[in-house]
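Source file: query_27.cif. Holds: mmCIF, C-alpha atoms and all ligand atoms.
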```cif
data_data
#
loop_
_atom_site.label_atom_id
_atom_site.label_comp_id
_atom_site.auth_asym_id
_atom_site.auth_seq_id
_atom_site.Cartn_x
_atom_site.Cartn_y
_atom_site.Cartn_z
CA MET A 272 31.71 105.04 25.74
CA ALA A 273 32.35 104.69 29.46
CA GLN A 274 29.88 102.32 31.13
CA ALA A 275 28.70 102.62 34.73
CA ALA A 276 31.06 100.45 36.82
CA PRO A 277 29.42 97.43 38.49
CA ALA A 278 28.83 97.87 42.24
CA PRO A 279 30.99 95.94 44.76
CA VAL A 280 29.79 92.35 45.20
CA ALA A 281 30.56 89.46 47.58
CA LEU A 282 30.96 87.05 44.70
CA ALA A 283 33.01 88.05 41.68
CA ALA A 284 31.40 85.22 39.73
CA ARG A 285 28.47 82.95 40.46
CA THR A 286 26.78 80.23 38.45
CA ARG A 287 23.64 78.30 39.24
CA GLY A 288 22.52 75.10 37.51
CA LEU A 289 24.97 75.67 34.69
CA ARG A 290 24.72 73.09 31.92
CA LYS A 291 26.25 72.71 28.48
CA LEU A 292 25.45 70.01 25.96
CA TYR A 293 27.44 69.50 22.79
CA ARG A 294 25.43 67.40 20.35
CA GLY A 295 23.99 65.28 23.15
CA THR A 296 27.28 65.06 25.09
CA VAL A 297 27.15 66.63 28.55
CA ALA A 298 30.22 68.88 28.92
CA VAL A 299 29.05 70.71 32.07
CA ASP A 300 26.13 69.93 34.36
CA HIS A 301 24.62 71.30 37.60
CA VAL A 302 27.54 73.65 38.15
CA ASP A 303 26.92 76.00 41.10
CA LEU A 304 30.20 77.86 41.31
CA ASP A 305 30.96 80.64 43.80
CA VAL A 306 34.08 82.77 43.22
CA PRO A 307 34.43 85.00 46.31
CA GLN A 308 35.56 88.57 45.76
CA GLY A 309 39.30 88.87 46.49
CA SER A 310 39.98 85.14 46.28
CA VAL A 311 42.37 83.25 44.05
CA LEU A 312 40.15 80.34 43.08
CA GLY A 313 41.75 77.33 41.44
CA MET A 314 39.43 75.38 39.18
CA LEU A 315 41.02 71.97 39.36
CA GLY A 316 40.10 69.00 37.21
CA PRO A 317 41.50 66.40 34.85
CA ASN A 318 41.49 66.90 31.07
CA GLY A 319 37.96 67.06 29.74
CA SER A 320 36.32 67.74 33.13
CA GLY A 321 34.64 70.93 31.90
CA LYS A 322 36.97 73.70 33.10
CA THR A 323 37.32 75.51 29.78
CA THR A 324 33.61 75.16 28.96
CA THR A 325 32.67 76.63 32.37
CA ILE A 326 35.12 79.52 31.92
CA ARG A 327 33.84 80.22 28.41
CA MET A 328 30.26 80.39 29.72
CA LEU A 329 31.34 82.71 32.55
CA LEU A 330 32.84 85.08 30.01
CA GLY A 331 29.89 84.92 27.62
CA LEU A 332 31.96 83.18 24.94
CA THR A 333 29.75 80.07 24.97
CA VAL A 334 25.99 80.11 25.48
CA PRO A 335 24.82 77.78 28.30
CA THR A 336 22.23 75.12 27.48
CA ALA A 337 20.68 75.91 30.90
CA GLY A 338 21.46 77.79 34.11
CA THR A 339 22.56 81.29 35.03
CA VAL A 340 25.84 83.20 35.22
CA GLU A 341 26.56 86.36 37.18
CA LEU A 342 29.83 88.15 36.59
CA LEU A 343 30.69 91.02 38.96
CA GLY A 344 27.08 90.99 40.04
CA VAL A 345 25.46 91.34 36.63
CA PRO A 346 23.81 88.62 34.51
CA MET A 347 25.78 87.21 31.58
CA PRO A 348 25.66 87.40 28.67
CA GLU A 349 22.87 90.02 28.94
CA GLN A 350 25.06 92.68 30.59
CA ALA A 351 28.41 91.61 29.18
CA GLU A 352 29.25 95.19 28.24
CA VAL A 353 29.02 96.21 31.92
CA ALA A 354 31.13 93.40 33.37
CA LEU A 355 33.68 92.53 30.70
CA PRO A 356 35.72 95.79 30.70
CA GLU A 357 36.67 94.94 34.29
CA VAL A 358 37.56 91.34 33.48
CA GLY A 359 40.90 90.26 32.03
CA ALA A 360 40.96 86.82 30.46
CA LEU A 361 43.47 84.35 29.10
CA VAL A 362 41.50 81.65 27.30
CA GLU A 363 42.30 79.38 24.38
CA GLY A 364 42.62 81.13 21.04
CA PRO A 365 42.96 84.76 22.17
CA GLY A 366 42.95 85.85 18.55
CA PHE A 367 46.43 87.21 18.01
CA HIS A 368 47.55 88.04 14.49
CA SER A 369 50.41 85.80 13.43
CA PHE A 370 52.06 88.39 11.15
CA LEU A 371 52.10 91.19 13.76
CA SER A 372 54.73 91.52 16.49
CA GLY A 373 53.82 90.84 20.11
CA ARG A 374 53.86 94.58 20.82
CA ASP A 375 51.66 95.45 17.83
CA ASN A 376 49.19 92.74 18.81
CA LEU A 377 48.92 94.25 22.28
CA LEU A 378 48.59 97.78 20.86
CA ARG A 379 45.62 96.60 18.77
CA LEU A 380 43.96 94.98 21.79
CA ALA A 381 44.70 98.00 23.99
CA ALA A 382 43.01 100.29 21.47
CA ALA A 383 39.82 98.24 21.95
CA GLU A 384 39.93 98.53 25.77
CA PRO A 385 37.07 100.81 26.87
CA MET A 386 38.88 101.63 30.14
CA LEU A 387 42.10 102.80 28.48
CA ALA A 388 42.46 106.38 27.23
CA GLY A 389 44.30 106.75 23.91
CA LYS A 390 47.41 108.41 25.30
CA ALA A 391 47.74 105.79 28.06
CA ILE A 392 47.92 102.93 25.54
CA PRO A 393 51.70 102.80 24.83
CA GLY A 394 52.58 102.90 28.55
CA ALA A 395 50.02 100.20 29.39
CA VAL A 396 51.39 97.96 26.64
CA GLU A 397 55.01 98.37 27.81
CA ASP A 398 53.99 97.68 31.43
CA ALA A 399 52.13 94.53 30.43
CA LEU A 400 55.07 93.31 28.30
CA ALA A 401 57.50 93.92 31.19
CA ARG A 402 55.23 92.15 33.67
CA VAL A 403 55.37 88.92 31.66
CA ARG A 404 59.07 89.48 30.74
CA LEU A 405 58.40 89.71 27.02
CA THR A 406 59.95 93.12 26.37
CA ASP A 407 63.02 91.69 24.61
CA ALA A 408 60.87 89.63 22.23
CA ALA A 409 58.20 92.31 21.75
CA ASP A 410 59.25 93.20 18.17
CA ARG A 411 59.27 89.62 16.92
CA ARG A 412 56.33 88.33 14.93
CA PHE A 413 53.75 86.34 16.86
CA ARG A 414 54.04 83.38 14.49
CA GLY A 415 57.68 82.90 15.54
CA TYR A 416 56.81 82.77 19.25
CA SER A 417 57.17 79.58 21.24
CA LEU A 418 54.08 78.22 23.00
CA GLY A 419 55.37 79.71 26.25
CA MET A 420 55.81 83.14 24.66
CA LYS A 421 52.28 82.96 23.23
CA GLN A 422 50.98 82.16 26.72
CA ARG A 423 52.89 85.15 28.12
CA LEU A 424 51.43 87.43 25.49
CA GLY A 425 47.95 86.17 26.35
CA LEU A 426 48.65 86.94 30.00
CA ALA A 427 49.91 90.41 29.07
CA ALA A 428 46.64 91.06 27.20
CA ALA A 429 44.68 90.11 30.33
CA LEU A 430 46.76 92.60 32.35
CA LEU A 431 46.52 95.63 30.04
CA VAL A 432 44.35 97.55 32.49
CA PRO A 433 43.67 97.06 36.22
CA ARG A 434 40.89 94.48 36.52
CA ARG A 435 38.50 93.42 39.24
CA LEU A 436 38.58 89.85 37.98
CA VAL A 437 41.25 88.02 35.99
CA VAL A 438 40.37 84.63 34.48
CA LEU A 439 43.27 82.43 33.39
CA ASP A 440 42.62 79.10 31.64
CA GLU A 441 45.64 76.82 32.16
CA PRO A 442 48.07 79.79 32.21
CA THR A 443 51.20 77.65 32.70
CA ASN A 444 50.56 75.37 29.71
CA GLY A 445 53.74 75.33 27.64
CA LEU A 446 55.78 77.32 30.16
CA ASP A 447 59.11 76.16 31.55
CA PRO A 448 59.66 76.12 35.35
CA ALA A 449 60.87 79.76 35.34
CA GLY A 450 57.78 80.82 33.38
CA THR A 451 55.56 78.88 35.77
CA ARG A 452 57.13 80.70 38.73
CA GLU A 453 56.56 84.03 36.97
CA VAL A 454 52.87 83.25 36.46
CA ARG A 455 52.61 82.42 40.15
CA GLU A 456 54.26 85.75 40.94
CA VAL A 457 51.80 87.63 38.72
CA ILE A 458 48.87 85.84 40.39
CA GLY A 459 50.33 86.78 43.79
CA GLN A 460 50.65 90.43 42.75
CA LEU A 461 47.06 90.52 41.46
CA HIS A 462 45.81 88.98 44.71
CA ALA A 463 47.79 91.48 46.80
CA ALA A 464 46.22 94.31 44.77
CA GLY A 465 42.73 93.00 45.62
CA THR A 466 41.97 91.51 42.20
CA THR A 467 39.95 88.29 42.18
CA VAL A 468 41.66 85.57 40.16
CA LEU A 469 40.02 82.48 38.68
CA VAL A 470 42.66 80.10 37.38
CA SER A 471 42.10 76.65 35.90
CA SER A 472 44.64 73.89 36.14
CA HIS A 473 44.96 70.13 36.10
CA LEU A 474 48.01 70.34 38.39
CA LEU A 475 47.34 69.82 42.06
CA ALA A 476 50.70 71.31 43.10
CA GLU A 477 50.07 74.45 41.07
CA VAL A 478 46.72 75.06 42.74
CA GLU A 479 48.14 74.37 46.20
CA ALA A 480 50.92 76.89 45.61
CA THR A 481 48.79 79.78 44.38
CA CYS A 482 45.16 79.53 45.47
CA THR A 483 43.07 80.54 48.47
CA HIS A 484 40.00 78.65 47.22
CA VAL A 485 39.45 75.57 45.09
CA ALA A 486 36.65 74.12 42.98
CA VAL A 487 37.22 70.54 41.85
CA LEU A 488 35.52 69.51 38.62
CA HIS A 489 34.96 65.97 37.46
CA ARG A 490 32.98 64.89 34.41
CA GLY A 491 31.41 68.32 34.14
CA THR A 492 30.26 68.71 37.73
CA VAL A 493 31.75 70.39 40.81
CA VAL A 494 32.59 67.61 43.26
CA ALA A 495 34.04 69.93 45.93
CA GLN A 496 34.59 73.63 46.46
CA GLY A 497 35.62 75.95 49.26
CA GLU A 498 38.65 77.41 50.98
CA LEU A 499 41.85 75.53 50.20
CA ALA A 500 42.81 75.33 53.89
CA THR A 501 39.44 73.76 54.77
CA LEU A 502 39.64 71.22 51.96
CA LEU A 503 43.18 70.33 52.99
CA GLU A 504 41.98 69.66 56.53
CA ALA A 505 39.25 67.34 55.25
CA GLY A 506 40.03 63.70 54.66
CA SER A 507 41.78 61.31 56.96
CA PRO A 508 45.25 62.27 58.16
CA ALA A 509 48.23 60.07 57.37
CA LEU A 510 51.79 59.62 58.51
CA VAL A 511 54.67 59.04 56.10
CA VAL A 512 57.53 57.05 57.59
CA SER A 513 60.94 56.78 55.88
CA THR A 514 62.59 53.48 56.61
CA PRO A 515 64.54 50.74 54.81
CA ASP A 516 62.35 48.21 56.68
CA GLY A 517 59.03 49.07 54.98
CA ASP A 518 57.58 45.56 54.73
CA LYS A 519 58.48 44.71 58.34
CA ALA A 520 56.88 47.98 59.48
CA VAL A 521 53.64 47.39 57.56
CA GLU A 522 53.40 43.90 59.08
CA ALA A 523 54.00 45.18 62.63
CA LEU A 524 51.23 47.78 62.23
CA ARG A 525 48.79 45.36 60.64
CA ASP A 526 49.29 43.07 63.66
CA LYS A 527 47.85 45.96 65.69
CA ARG A 528 45.04 46.51 63.11
CA ILE A 529 46.50 49.82 61.92
CA PRO A 530 46.12 50.24 58.12
CA ALA A 531 49.42 50.95 56.33
CA ARG A 532 50.85 50.55 52.86
CA SER A 533 54.37 50.34 51.49
CA LEU A 534 56.00 53.22 49.64
CA PRO A 535 59.34 53.01 47.75
CA ASP A 536 61.31 54.38 50.73
CA GLY A 537 59.04 53.47 53.61
CA LEU A 538 55.32 53.42 54.29
CA GLN A 539 52.16 55.47 54.71
CA VAL A 540 50.09 54.95 57.84
CA ASP A 541 46.41 55.82 58.24
CA LEU A 542 46.03 57.88 61.43
CA THR A 543 42.22 57.63 61.65
CA THR A 544 42.35 55.21 64.57
CA THR A 545 45.79 55.94 66.03
CA THR A 546 48.35 58.66 66.75
CA ALA A 547 51.85 59.43 65.48
CA PRO A 548 53.59 58.63 68.84
CA GLU A 549 51.79 55.28 69.04
CA VAL A 550 52.86 54.38 65.48
CA VAL A 551 56.49 55.31 66.22
CA ALA A 552 56.45 53.27 69.47
CA ILE A 553 55.11 50.19 67.64
CA LEU A 554 57.71 50.53 64.88
CA VAL A 555 60.64 51.03 67.26
CA GLY A 556 59.36 48.12 69.39
CA ALA A 557 59.36 45.92 66.29
CA GLY A 558 62.98 46.82 65.53
CA VAL A 559 62.18 49.02 62.52
CA ALA A 560 64.84 51.66 61.72
CA VAL A 561 62.80 54.89 61.59
CA HIS A 562 64.71 57.55 59.60
CA GLU A 563 62.03 60.24 59.29
CA VAL A 564 58.37 60.74 60.19
CA ARG A 565 56.07 63.43 58.84
CA LYS A 566 52.34 64.16 58.82
CA GLN A 567 50.74 64.24 55.42
CA ARG A 568 47.98 66.54 54.28
CA THR A 569 45.55 64.39 52.36
CA GLY A 570 42.41 66.39 51.63
CA LEU A 571 43.02 67.40 48.03
CA GLU A 572 44.97 64.28 47.27
CA GLU A 573 42.05 62.15 48.35
CA LEU A 574 39.62 64.14 46.29
CA PHE A 575 41.85 63.68 43.28
CA ALA A 576 42.42 60.01 44.00
CA ARG A 577 38.65 59.52 43.97
CA LEU A 578 38.49 61.20 40.57
CA THR A 579 41.17 59.01 39.04
CA GLU A 580 39.72 55.84 40.54
CA SER A 581 36.51 56.41 38.62
CA GLY A 582 38.23 55.70 35.36
CA ASP A 583 38.33 58.35 32.69
CA ALA A 584 40.59 60.84 34.32
CA GLN A 585 44.28 60.75 35.01
CA PRO A 586 46.16 63.66 36.55
CA ASP A 587 49.15 64.95 34.66
CA VAL A 588 52.43 63.12 35.33
CA ASP A 589 53.96 66.41 36.49
CA GLY A 590 51.17 66.73 39.01
CA GLN A 591 51.93 63.27 40.35
CA GLU A 592 55.60 64.12 40.74
CA GLU A 593 55.02 67.44 42.42
CA GLY A 594 51.89 67.01 44.43
CA TRP A 595 51.21 63.34 45.01
CA LEU A 596 52.81 60.87 47.38
N1 LIG B 601 33.16 72.76 21.03
C1 LIG B 601 32.96 71.53 21.51
N2 LIG B 601 32.28 70.60 20.82
C2 LIG B 601 32.06 69.37 21.29
N3 LIG B 601 32.50 68.95 22.51
C3 LIG B 601 33.19 69.81 23.25
C4 LIG B 601 33.46 71.15 22.82
N4 LIG B 601 34.16 71.78 23.79
C5 LIG B 601 34.33 70.88 24.80
N5 LIG B 601 33.74 69.70 24.49
C6 LIG B 601 33.70 68.51 25.34
O1 LIG B 601 33.25 68.90 26.62
C7 LIG B 601 33.97 68.22 27.63
C8 LIG B 601 34.63 69.24 28.56
O2 LIG B 601 35.68 69.88 27.85
P1 LIG B 601 36.51 71.10 28.44
O3 LIG B 601 37.45 71.57 27.37
O4 LIG B 601 35.58 72.09 29.03
O5 LIG B 601 37.34 70.41 29.61
P2 LIG B 601 38.64 70.91 30.36
O6 LIG B 601 38.47 70.49 31.77
O7 LIG B 601 38.89 72.33 30.09
O8 LIG B 601 39.76 70.02 29.67
P3 LIG B 601 41.30 70.38 29.33
O9 LIG B 601 42.04 70.37 30.63
O10 LIG B 601 41.68 69.21 28.45
O11 LIG B 601 41.30 71.69 28.61
C9 LIG B 601 34.94 67.28 26.93
O12 LIG B 601 34.35 66.02 26.86
C10 LIG B 601 35.09 67.91 25.57
O13 LIG B 601 35.40 66.93 24.61
#
```

Would you mind writing the structure in this file as structure tokens?
Amino acid sequence: MAQAAPAPVALAARTRGLRKLYRGTVAVDHVDLDVPQGSVLGMLGPNGSGKTTTIRMLLGLTVPTAGTVELLGVPMPEQAEVALPEVGALVEGPGFHSFLSGRDNLLRLAAAEPMLAGKAIPGAVEDALARVRLTDAADRRFRGYSLGMKQRLGLAAALLVPRRLVVLDEPTNGLDPAGTREVREVIGQLHAAGTTVLVSSHLLAEVEATCTHVAVLHRGTVVAQGELATLLEAGSPALVVSTPDGDKAVEALRDKRIPARSLPDGLQVDLTTTTAPEVVAILVGAGVAVHEVRKQRTGLEELFARLTESGDAQPDVDGQEEGWL
């Protein structure tokens, strides 16, 4: 039965005071999340920070202990049947049958899509398979798929019909670099088509590369959210100087009360109380060989550093290599 489509809304998803307890353990608390219509919002947080639990509550898969959820303007889970047909989701355990091929799994899911007419099903399945580059492996059984292929099939299921909102929980888990680039491409295409995308990740670099907005979770609460560009501007600016004379340079700056710290190939200078030309003049005056100087964006990095300093959370090693100093 076709349902009345939800009306256009400013926020594709909105939570207020969201809380989830598991046997006395707080998984999510006080989460007021705004996912603007048309945005690509990266939900960023270390392992165990509450990303999956929040996403599951948004989709009506987990019942909140307290708080409210609105999805495409309607309350969840009360009006799930209104919102969910317009929401594609890739979450843990998408329920594929191990003995069926990738294509047959998608055909089964497509048959259950209220927005897909029967005769449109085969075409929609082939399109979705092609979009995640799984056509060649489509006849193989799901149980023989690699983790990356399983992720691709999950993504294909989320893309079976045009959606107003696509929710992807750690979509690049298990994917190689080419697969990761393809997921970024798919997110870019969805964004260009006006679809709102909510994507969770523990990789800073991944969020920076794909998102317009960010919500940072730590220990179950949102510690920052907003436009990526605004968050990147926040935090104190820094200068990264490449030089073989790092220690000498740090000393020269500290003599002038400018905070700096050594890096493997140079140093990082805090620009809160000084400027880049002044730093370069001091270094050159002190006889430091300056090979390269560049401004560093520190907003997200600082937010993440604060998270890791508080103990229980470490960003992924890949994230450190790609997105950190
Ligand atoms: N079904 C459950 N039963 C008990 N505790 C749970 C359950 N699901 C999640 N938790 C706990 O809730 C907290 C948040 O977990 P969640 O999976 O939402 O975090 P996450 O940010 O998605 O982590 P990851 O990046 O590792 O997937 C963790 O402490 C986790 O152990």

All residues having an atom within 6 Å of ligand LIG 601 (chain B) (all atoms listed in the file) as a compact mmCIF listing (two decimals) with C-alpha atoms, in the frame of the given file:
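This is the output file result_5.txt:
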```txt
# COMPACT_ATOMS: atom_id res chain seq x y z
CA TYR A 293 27.44 69.50 22.79
CA ALA A 298 30.22 68.88 28.92
CA GLY A 316 40.10 69.00 37.21
CA PRO A 317 41.50 66.40 34.85
CA ASN A 318 41.49 66.90 31.07
CA GLY A 319 37.96 67.06 29.74
CA SER A 320 36.32 67.74 33.13
CA GLY A 321 34.64 70.93 31.90
CA LYS A 322 36.97 73.70 33.10
CA THR A 323 37.32 75.51 29.78
CA THR A 324 33.61 75.16 28.96
```

Using all atoms listed in the file, which of A:Leu469, A:Leu371, A:Thr443, A:Leu418 sits nearest Arg285 in chain A?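 Residue with the minimum atom-to-atom distance to Arg285 in chain A: A:Leu469.
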
Hey, can you check how far CA of Glu397 in chain A sits from CA of Ala381 in chain A?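 Spanning CA of Glu397 in chain A to CA of Ala381 in chain A is a straight-line distance of 11.0 Å.
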
Which is closer to Val299 in chain A than all the others in A:Gly313, A:Gly338, A:Gly394, A:Pro548, using only C-alpha atoms?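 Ranked by minimum distance to Val299 in chain A, first place goes to A:Gly338.
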
CA of Met420 in chain A and CA of Lys390 in chain A are how many Å apart?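 For CA of Met420 in chain A relative to CA of Lys390 in chain A, the distance reads 26.6 Å.
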
Counting only C-alpha atoms, the option among A:Leu292, A:Leu380, A:Val403, A:Ala480 closest to Gln422 in chain A: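 Ranked by minimum distance to Gln422 in chain A, first place goes to A:Val403.
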
Please measure the separation of CA of Leu436 in chain A and CA of Gly309 in chain A, giving the value in Å to one decimal. 8.6 Å

For range 450-456 of chain A, work out the shell of residues within 9 Å, counting all atoms listed in the file and skipping chain neighbours fewer than 5 positions away, then give it as a ChimeraX atom specification. /A:402-404,419,423,426,442-445,461,477,480-481

Residue nearest Glu349 in chain A among A:Gly517, A:Pro307, A:Gly331, A:Pro530 (counting all atoms listed in the file):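 With all atoms listed in the file as the atom set, the closest residue is A:Gly331.
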
Excluding same-chain residues fewer than 4 positions from range 537-542 of chain A, what lies within 9 Å of it counting only C-alpha atoms, as a list in words?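 That gives Ser507, Pro508, Ala509, Leu510, Val511, Val512, Ser513, Thr514, Pro515, Asp516, Gly517, Asp518, Ala520, Val521, Leu524, Ile529, Pro530, Ala531, Arg532, Ser533, Thr546, Ala547, Val550, Val561 and Gln567 of chain A.
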
Selected residue, from A:His368, A:Arg379, A:Arg374, A:Arg287, that lies nearest to Thr339 in chain A when counting all atoms listed in the file: A:Arg287

Could you check the closest approach to Ala360 in chain A for each of A:Met347, A:Leu431, A:Leu405, A:Val559 and tell me which residue wins, using only C-alpha atoms? A:Leu431

Listed atoms of range 485-496 of chain A boxed axis-aligned with 6 Å per side, centre + edges as AutoDock Vina command-line options:
```
--center_x 34.9 --center_y 70.2 --center_z 40.3 --size_x 21.2 --size_y 22.7 --size_z 24.3
```

Please provide as a PyMOL selection string all residues within 12 Å of Pro433 in chain A, with the sequence filter that same-chain residues fewer than 6 positions apart are discarded (counting only C-alpha atoms). chain A and resi 356-359+384+386-387+395+398-399+427+460-462+464-467
